[in-house]
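Here's data-v6.cif, which has mmCIF, C-alpha atoms:
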```cif
data_structure
#
loop_
_atom_site.label_atom_id
_atom_site.label_comp_id
_atom_site.auth_asym_id
_atom_site.auth_seq_id
_atom_site.Cartn_x
_atom_site.Cartn_y
_atom_site.Cartn_z
CA MET A 1 16.94 -3.17 -1.40
CA THR A 2 20.40 -4.49 -2.00
CA GLY A 3 23.05 -5.00 0.62
CA THR A 4 25.95 -4.66 -1.81
CA ALA A 5 25.85 -0.91 -2.52
CA HIS A 6 28.55 1.11 -0.80
CA PRO A 7 27.78 4.48 0.81
CA GLU A 8 31.01 5.89 -0.57
CA HIS A 9 29.46 6.12 -4.04
CA PRO A 10 30.39 9.66 -5.22
CA ASP A 11 26.94 10.52 -6.51
CA GLY A 12 24.96 9.37 -3.51
CA ASP A 13 23.94 6.19 -5.36
CA THR A 14 20.19 5.63 -5.22
CA ALA A 15 20.92 1.92 -4.71
CA VAL A 16 22.34 2.70 -1.27
CA PRO A 17 19.69 1.74 1.30
CA VAL A 18 18.82 4.56 3.72
CA ARG A 19 16.99 4.05 6.98
CA ALA A 20 15.91 6.52 9.64
CA LEU A 21 15.47 6.21 13.36
CA TRP A 22 13.32 8.38 15.62
CA TRP A 23 14.56 10.00 18.80
CA ALA A 24 13.69 12.79 21.21
CA CYS A 25 15.73 15.24 23.25
CA ARG A 26 15.24 18.13 25.64
CA VAL A 27 16.29 21.59 24.50
CA PRO A 28 17.96 23.51 27.35
CA GLY A 29 16.55 26.90 28.25
CA LEU A 30 13.05 26.29 26.91
CA LYS A 31 9.95 25.96 29.08
CA GLU A 32 7.75 22.88 29.30
CA PRO A 33 5.93 21.61 27.39
CA PHE A 34 7.73 23.38 24.55
CA ASP A 35 11.18 22.00 25.33
CA THR A 36 11.19 18.64 23.54
CA ALA A 37 12.45 18.09 19.99
CA HIS A 38 11.45 15.00 18.03
CA LEU A 39 14.07 14.05 15.51
CA ARG A 40 14.90 11.62 12.74
CA VAL A 41 18.40 10.44 11.98
CA PHE A 42 18.99 9.18 8.43
CA HIS A 43 21.88 6.78 7.81
CA PRO A 44 23.23 4.40 5.17
CA ALA A 45 22.03 0.89 5.97
CA ARG A 46 23.23 -2.65 5.28
CA PRO A 47 20.39 -5.20 5.21
CA THR A 48 21.44 -8.66 6.36
CA GLY A 49 18.20 -10.56 5.92
CA ALA A 50 18.09 -11.45 9.60
CA ASP A 51 14.81 -12.36 11.27
CA ALA A 52 15.12 -9.30 13.51
CA GLU A 53 14.89 -7.05 10.46
CA ARG A 54 11.79 -8.83 9.23
CA LEU A 55 10.10 -8.66 12.60
CA THR A 56 11.07 -5.13 13.70
CA GLY A 57 11.83 -3.21 10.52
CA GLU A 58 15.16 -2.15 12.05
CA ILE A 59 18.13 -2.45 9.68
CA PRO A 60 21.73 -1.98 10.86
CA ALA A 61 23.78 0.99 9.75
CA ASP A 62 26.44 0.18 7.19
CA PRO A 63 29.86 0.35 8.88
CA ALA A 64 31.71 0.42 5.55
CA GLY A 65 31.67 4.22 5.25
CA ALA A 66 32.26 4.96 8.93
CA PRO A 67 33.07 7.10 10.72
CA TYR A 68 30.29 9.14 9.17
CA PRO A 69 30.32 12.94 9.16
CA VAL A 70 27.08 14.54 10.31
CA VAL A 71 24.71 17.08 8.75
CA VAL A 72 22.33 19.00 11.02
CA LEU A 73 19.41 20.30 8.95
CA LEU A 74 17.37 23.08 10.61
CA PRO A 75 13.80 23.90 9.51
CA GLY A 76 12.01 27.07 8.57
CA ILE A 77 9.20 28.47 10.70
CA ASN A 78 6.13 26.19 10.63
CA VAL A 79 7.75 23.75 8.20
CA GLY A 80 7.67 20.13 9.34
CA GLN A 81 10.79 18.01 9.10
CA ASP A 82 9.15 15.68 6.57
CA ALA A 83 9.47 18.50 4.01
CA TYR A 84 13.25 18.00 4.09
CA ARG A 85 13.25 14.19 4.03
CA TRP A 86 14.16 14.16 0.32
CA LEU A 87 17.36 16.10 1.07
CA ALA A 88 18.18 14.10 4.20
CA VAL A 89 17.93 10.87 2.18
CA ALA A 90 20.17 12.27 -0.56
CA LEU A 91 22.78 13.30 2.00
CA ALA A 92 22.64 9.91 3.72
CA ARG A 93 23.10 8.16 0.37
CA ALA A 94 26.23 10.27 -0.06
CA GLY A 95 27.66 8.93 3.19
CA LEU A 96 26.55 11.75 5.50
CA VAL A 97 24.40 10.90 8.50
CA THR A 98 21.70 13.60 8.61
CA VAL A 99 19.38 14.73 11.39
CA THR A 100 16.12 16.69 11.05
CA ALA A 101 13.81 17.77 13.85
CA ASP A 102 10.38 19.07 14.82
CA LEU A 103 10.17 21.44 17.77
CA VAL A 104 6.94 23.22 18.70
CA GLY A 105 7.81 26.36 20.62
CA GLU A 106 7.30 30.07 21.03
CA LEU A 107 7.62 32.12 17.88
CA PHE A 108 6.97 35.85 18.15
CA ALA A 109 4.50 37.97 20.12
CA GLY A 110 3.39 34.95 22.14
CA SER A 111 2.42 32.75 19.19
CA HIS A 112 3.58 29.14 18.91
CA GLY A 113 4.50 26.83 16.07
CA LEU A 114 7.27 24.76 14.55
CA THR A 115 10.56 26.56 15.06
CA PRO A 116 14.35 26.21 14.86
CA ALA A 117 14.32 27.80 18.35
CA VAL A 118 15.63 31.28 17.63
CA ASP A 119 17.41 32.76 20.67
CA LEU A 120 16.67 36.47 20.22
CA GLU A 121 18.94 37.48 23.10
CA ALA A 122 21.87 35.70 21.47
CA ALA A 123 21.15 37.67 18.27
CA SER A 124 21.02 41.02 20.09
CA PRO A 125 23.99 43.40 20.32
CA ALA A 126 24.58 42.39 23.95
CA GLY A 127 24.44 38.64 23.31
CA TRP A 128 25.95 38.37 19.85
CA GLY A 129 28.98 36.11 19.69
CA THR A 130 28.50 34.61 23.14
CA ARG A 131 26.64 31.47 22.00
CA PRO A 132 24.79 29.96 19.02
CA THR A 133 21.52 31.70 18.21
CA SER A 134 19.56 28.46 18.62
CA PRO A 135 19.77 26.06 21.58
CA LEU A 136 18.35 23.37 19.29
CA ILE A 137 21.74 22.99 17.59
CA GLY A 138 23.54 21.89 20.73
CA ALA A 139 20.62 19.69 21.75
CA LEU A 140 20.67 17.83 18.42
CA LEU A 141 24.43 17.35 18.54
CA GLY A 142 24.09 16.07 22.10
CA ALA A 143 21.43 13.60 20.97
CA LEU A 144 23.71 12.40 18.18
CA ARG A 145 26.49 11.96 20.71
CA ASP A 146 24.20 9.71 22.73
CA LEU A 147 23.03 7.79 19.65
CA GLY A 148 26.64 7.27 18.63
CA ARG A 149 27.04 5.10 21.71
CA ARG A 150 24.15 2.73 20.95
CA PRO A 151 22.99 0.57 18.02
CA PRO A 152 22.54 1.03 15.15
CA LEU A 153 25.02 3.94 15.13
CA ASP A 154 27.35 2.71 17.86
CA GLY A 155 30.85 4.01 17.09
CA LEU A 156 29.92 5.14 13.57
CA LEU A 157 29.58 8.94 13.93
CA ASP A 158 32.26 11.61 13.62
CA LEU A 159 31.06 14.75 15.40
CA ASP A 160 34.31 16.54 14.57
CA ARG A 161 33.10 16.73 10.96
CA VAL A 162 29.75 18.52 10.97
CA ALA A 163 27.84 20.56 8.41
CA LEU A 164 25.23 22.92 9.77
CA GLY A 165 22.50 23.82 7.32
CA GLY A 166 18.97 25.04 7.08
CA HIS A 167 16.11 26.66 5.23
CA SER A 168 14.70 30.14 5.88
CA ALA A 169 14.91 30.89 9.63
CA GLY A 170 16.74 27.59 10.10
CA GLY A 171 19.31 28.71 7.58
CA THR A 172 19.72 32.03 9.37
CA VAL A 173 20.52 30.45 12.73
CA ALA A 174 22.84 28.00 10.97
CA LEU A 175 24.78 30.90 9.42
CA GLN A 176 24.85 32.80 12.69
CA SER A 177 25.89 29.79 14.76
CA ALA A 178 28.36 27.84 12.61
CA ALA A 179 31.50 29.55 13.90
CA LEU A 180 30.31 29.12 17.51
CA THR A 181 29.57 25.38 17.27
CA PRO A 182 32.43 22.89 17.80
CA GLY A 183 33.06 20.48 14.94
CA VAL A 184 31.33 22.55 12.23
CA ARG A 185 33.40 22.63 9.06
CA ALA A 186 30.75 23.75 6.58
CA VAL A 187 27.51 25.71 6.64
CA PHE A 188 24.81 25.95 3.96
CA ALA A 189 21.52 27.79 3.75
CA TYR A 190 18.67 28.20 1.30
CA ALA A 191 16.42 31.30 1.34
CA ALA A 192 18.23 32.69 4.39
CA HIS A 193 20.36 35.68 5.28
CA THR A 194 21.87 37.42 8.32
CA LEU A 195 20.28 40.86 8.06
CA VAL A 196 18.93 41.50 11.53
CA ALA A 197 15.75 43.23 12.63
CA GLY A 198 16.13 46.68 14.13
CA LEU A 199 13.79 45.65 16.95
CA LEU A 200 16.71 43.71 18.44
CA GLY A 201 18.68 46.92 18.86
CA TRP A 202 20.90 46.85 15.78
CA PRO A 203 21.22 49.84 13.42
CA GLU A 204 18.93 49.60 10.42
CA GLY A 205 20.29 47.36 7.67
CA SER A 206 22.86 45.60 9.86
CA VAL A 207 24.28 42.32 8.52
CA LEU A 208 25.69 39.92 11.09
CA PRO A 209 28.95 38.18 10.14
CA VAL A 210 29.18 34.53 9.12
CA GLY A 211 32.29 32.84 10.44
CA PRO A 212 35.19 32.97 10.26
CA GLY A 213 35.96 29.30 9.88
CA PRO A 214 33.54 27.01 8.00
CA SER A 215 33.11 27.08 4.22
CA VAL A 216 29.78 28.64 3.23
CA LEU A 217 27.23 27.76 0.54
CA LEU A 218 24.42 30.31 0.21
CA LEU A 219 21.53 29.64 -2.18
CA SER A 220 18.59 31.86 -3.07
CA GLY A 221 15.60 31.58 -5.38
CA GLU A 222 14.63 33.73 -8.33
CA HIS A 223 11.10 34.22 -6.97
CA ASP A 224 11.27 34.47 -3.18
CA GLY A 225 8.02 36.07 -2.09
CA VAL A 226 8.68 35.57 1.62
CA ILE A 227 12.01 37.41 1.71
CA ALA A 228 10.55 40.20 -0.45
CA ALA A 229 7.54 40.57 1.86
CA SER A 230 9.75 40.69 4.97
CA SER A 231 12.16 43.42 3.87
CA ASP A 232 10.61 46.08 6.10
CA ARG A 233 11.83 44.16 9.14
CA TYR A 234 15.39 45.07 8.22
CA THR A 235 15.37 48.34 6.29
CA SER A 236 13.05 51.12 5.17
CA ALA A 237 14.84 51.35 1.80
CA ARG A 238 12.76 50.60 -1.28
CA GLY A 239 13.74 48.97 -4.53
CA PRO A 240 15.17 45.64 -5.68
CA TRP A 241 17.68 44.03 -3.36
CA ASP A 242 18.77 40.56 -2.38
CA PRO A 243 19.63 40.17 1.31
CA VAL A 244 21.08 36.71 0.62
CA LEU A 245 23.58 38.15 -1.85
CA ARG A 246 24.28 41.03 0.49
CA THR A 247 25.00 38.53 3.26
CA PHE A 248 27.44 36.72 0.99
CA GLU A 249 29.23 39.89 -0.09
CA GLU A 250 29.38 41.60 3.30
CA ALA A 251 29.22 38.87 5.94
CA VAL A 252 31.05 35.84 4.50
CA PRO A 253 34.86 35.93 4.83
CA ASP A 254 37.02 35.48 1.77
CA ALA A 255 37.90 31.78 1.63
CA GLY A 256 39.83 31.70 -1.63
CA GLY A 257 36.83 30.44 -3.60
CA ALA A 258 35.80 27.76 -1.08
CA SER A 259 32.55 29.65 -0.32
CA ALA A 260 29.85 30.32 -2.90
CA TRP A 261 26.47 31.94 -3.54
CA ALA A 262 24.07 31.02 -6.34
CA ARG A 263 20.58 32.11 -7.40
CA LEU A 264 18.40 29.27 -8.70
CA ALA A 265 16.20 29.93 -11.72
CA GLY A 266 12.49 29.38 -11.18
CA ALA A 267 12.91 28.73 -7.47
CA GLY A 268 10.76 30.16 -4.70
CA HIS A 269 11.10 30.36 -0.95
CA PHE A 270 9.67 26.87 -0.45
CA THR A 271 11.46 25.09 -3.27
CA ALA A 272 13.49 23.31 -0.59
CA CYS A 273 10.28 21.70 0.74
CA ASP A 274 8.81 18.51 -0.72
CA PRO A 275 6.06 18.02 0.18
CA TYR A 276 5.12 21.59 0.94
CA ASP A 277 2.29 22.00 3.43
CA PRO A 278 0.01 24.87 2.32
CA THR A 279 -1.86 24.91 5.64
CA ALA A 280 1.09 26.46 7.47
CA SER A 281 3.97 28.95 6.95
CA ARG A 282 3.73 31.81 4.45
CA GLY A 283 3.45 30.15 1.08
CA PHE A 284 0.59 32.50 0.17
CA LEU A 285 3.25 35.17 -0.37
CA GLU A 286 4.66 33.26 -3.33
CA THR A 287 3.29 34.52 -6.64
CA ALA A 288 5.43 32.65 -9.17
CA ALA A 289 3.95 29.43 -10.52
CA GLY A 290 5.67 26.58 -12.27
CA ASP A 291 7.34 23.26 -11.77
CA ARG A 292 9.79 23.40 -8.86
CA THR A 293 11.14 19.88 -9.49
CA ALA A 294 14.17 20.96 -11.54
CA PRO A 295 15.38 23.72 -9.17
CA ARG A 296 14.86 21.41 -6.19
CA ALA A 297 16.96 18.71 -7.82
CA LEU A 298 19.70 21.23 -8.54
CA LEU A 299 19.56 22.49 -4.96
CA GLY A 300 20.04 18.92 -3.77
CA ARG A 301 23.05 18.37 -6.04
CA LEU A 302 24.71 21.59 -4.88
CA VAL A 303 24.17 20.89 -1.17
CA THR A 304 25.18 17.23 -1.38
CA ASP A 305 28.39 17.84 -3.32
CA PHE A 306 29.25 20.80 -1.09
CA CYS A 307 28.83 18.77 2.10
CA ARG A 308 30.58 15.71 0.77
CA SER A 309 33.54 17.68 -0.54
CA ARG A 310 33.95 19.67 2.68
CA LEU A 311 33.30 16.86 5.18
CA ARG A 312 34.69 13.82 3.39
CA ALA A 313 37.45 15.59 1.44
CA ASP A 314 35.94 14.05 -1.70
CA ALA A 315 37.83 15.52 -4.65
CA SER A 316 35.30 14.23 -7.20
CA ALA A 317 32.43 15.91 -5.34
CA GLY A 318 34.48 19.10 -5.25
CA ARG A 319 35.02 18.93 -9.01
CA ARG A 320 31.32 18.36 -9.64
CA LEU A 321 30.50 21.34 -7.44
CA ASP A 322 33.04 23.51 -9.26
CA ASP A 323 31.65 22.39 -12.61
CA LEU A 324 28.11 23.32 -11.56
CA LEU A 325 29.17 26.71 -10.26
CA GLY A 326 31.86 27.48 -12.81
CA ALA A 327 30.17 26.92 -16.17
CA PRO A 328 26.96 28.43 -17.57
CA HIS A 329 24.05 26.40 -16.24
CA PRO A 330 20.41 26.90 -17.24
CA GLY A 331 19.33 26.45 -13.65
CA LEU A 332 21.64 29.10 -12.19
CA LEU A 333 21.02 32.77 -12.88
CA ASP A 334 24.07 34.08 -11.04
CA VAL A 335 27.04 32.67 -9.12
CA ARG A 336 29.65 34.30 -6.92
CA ARG A 337 32.71 32.77 -5.22
CA ARG A 338 34.94 34.06 -2.48
#
```
Will you turn the file into structure tokens for me?
Amino acid sequence: MTGTAHPEHPDGDTAVPVRALWWACRVPGLKEPFDTAHLRVFHPARPTGADAERLTGEIPADPAGAPYPVVVLLPGINVGQDAYRWLAVALARAGLVTVTADLVGELFAGSHGLTPAVDLEAASPAGWGTRPTSPLIGALLGALRDLGRRPPLDGLLDLDRVALGGHSAGGTVALQSAALTPGVRAVFAYAAHTLVAGLLGWPEGSVLPVGPGPSVLLLSGEHDGVIAASSDRYTSARGPWDPVLRTFEEAVPDAGGASAWARLAGAGHFTACDPYDPTASRGFLETAAGDRTAPRALLGRLVTDFCRSRLRADASAGRRLDDLLGAPHPGLLDVRRR
């Protein structure tokens, strides 16, 4: 690794060293032993060649790009945080400190597994709008606040510039919670929507609003077997429909083109995961085969440029994002802006 690369490189230069530290935090409102999240925080690093690095493996964060905005990346159900390491590294290389987490907790009907900690009461008609729909979000931001007061991140984090993002259920709670979380300026989600189950007390087919406030990037895959297999949770209607697009059209406020939705060609529900663990989650619902490398790479470019342009006011990242979304692209089947 070289110590000369600068984390301000507009493309998230692969020469920028990225390191991660491990941490743990309690999640308020959850019951032991299912109330502890284990997280990783990815940051640009600046190797110095000191003996301490050789002996401990710990490399200081690079202060050159500080204060660093923060990306909180929330997981899908039963998807381990290592599946999103590729994206966390890309974001860190682009000058965005990124946190992922594993939390084993209660899912539904008494089962347990990896979860973004969905607060069903907060997503009900009585609780909606009173708090974020996941207590994990506040817990992770609190942990980052603590880490920002100690090495290697001492004084280097800017928690007033936050992007909240996620995949599947993690993307849903990110969309639901962005406007209720201080410091959030952007929200992104892959394979996620805000249609809400009637079991929570909402009328059939209800779509919960996103915002107002943060810019929104919604991404969906051409072959999403999980969303298709889950449609009866939200509506009894039959026929082709895309709840992600419906969320964008009905739930996302008009932001003068700053928010966008795109459908990725050849992508499935778990395209965001590398590696994907076939022993958990619902990958058996995916029927489309093929190489997911190209759509995953495009997903990473879209998310990274979106976050960098919105959090670092990077005009070049904004132009790259506009170019991807504005011109015909073989990897994008459809694009909408608002």
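In terms of minimum interatomic distance to Val303 in chain A, A:Gly318 ranks closest within A:Gly326, A:Pro152, A:Pro135, A:Gly318, counting all atoms listed in the file.
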Might you spell out which residues the PyMOL selection byres ((chain A and resi 332) around 9) would select in the displayed file, as a tab-separated table (two decimals) with C-alpha atoms, keeping the file's coordinate frame?
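Writing the result to selection33.tsv gives the following:
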```tsv
chain	number	residue	atom	x	y	z
A	262	ALA	CA	24.07	31.02	-6.34
A	263	ARG	CA	20.58	32.11	-7.40
A	264	LEU	CA	18.40	29.27	-8.70
A	265	ALA	CA	16.20	29.93	-11.72
A	295	PRO	CA	15.38	23.72	-9.17
A	298	LEU	CA	19.70	21.23	-8.54
A	324	LEU	CA	28.11	23.32	-11.56
A	325	LEU	CA	29.17	26.71	-10.26
A	328	PRO	CA	26.96	28.43	-17.57
A	329	HIS	CA	24.05	26.40	-16.24
A	330	PRO	CA	20.41	26.90	-17.24
A	331	GLY	CA	19.33	26.45	-13.65
A	333	LEU	CA	21.02	32.77	-12.88
A	334	ASP	CA	24.07	34.08	-11.04
A	335	VAL	CA	27.04	32.67	-9.12
```
Checklist entry - Mind pulling up the distance from CA of Val184 in chain A to CA of Val27 in chain A? => result 19.4 Å
Next on the checklist: Here is a test: counting all atoms listed in the file, which residue of A:Gly211, A:Gly257, A:Gly165, A:Pro243 is nearest to Val70 in chain A?
Outcome noted: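 Closest to Val70 in chain A, using all atoms listed in the file: A:Gly165.
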Item to check | Selected residue, from A:Asp35, A:Glu222, A:Asp62, A:Asp160, that lies nearest to Glu106 in chain A when counting all atoms listed in the file | outcome: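 Closest candidate: A:Asp35.
The coordinates place CA of Val118 in chain A at 15.5 Å from CA of Val72 in chain A.
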Item to check | Test item: residues at most 12 Å from range 143-147 of chain A, all atoms listed in the file, excluding those fewer than 4 positions along its chain, as a VMD selection string | outcome: chain A and resid 21 to 27 36 to 43 68 to 72 97 to 101 136 to 139 151 to 160 162
Please identify every residue of range 109-189 of chain A that has at least one atom no farther than 12 Å from an atom of range 203-206 of chain A, counting all atoms listed in the file, and for each give the shortest atom pair and the distance in Å to one decimal, arranged by chain then increasing number, as CSV.
```
residue,atom,partner,partner_atom,distance
A:Ala123,CA,A:Ser206,CA,11.7
A:Ser124,CA,A:Pro203,CA,11.1
A:Pro125,CA,A:Pro203,CA,9.8
```
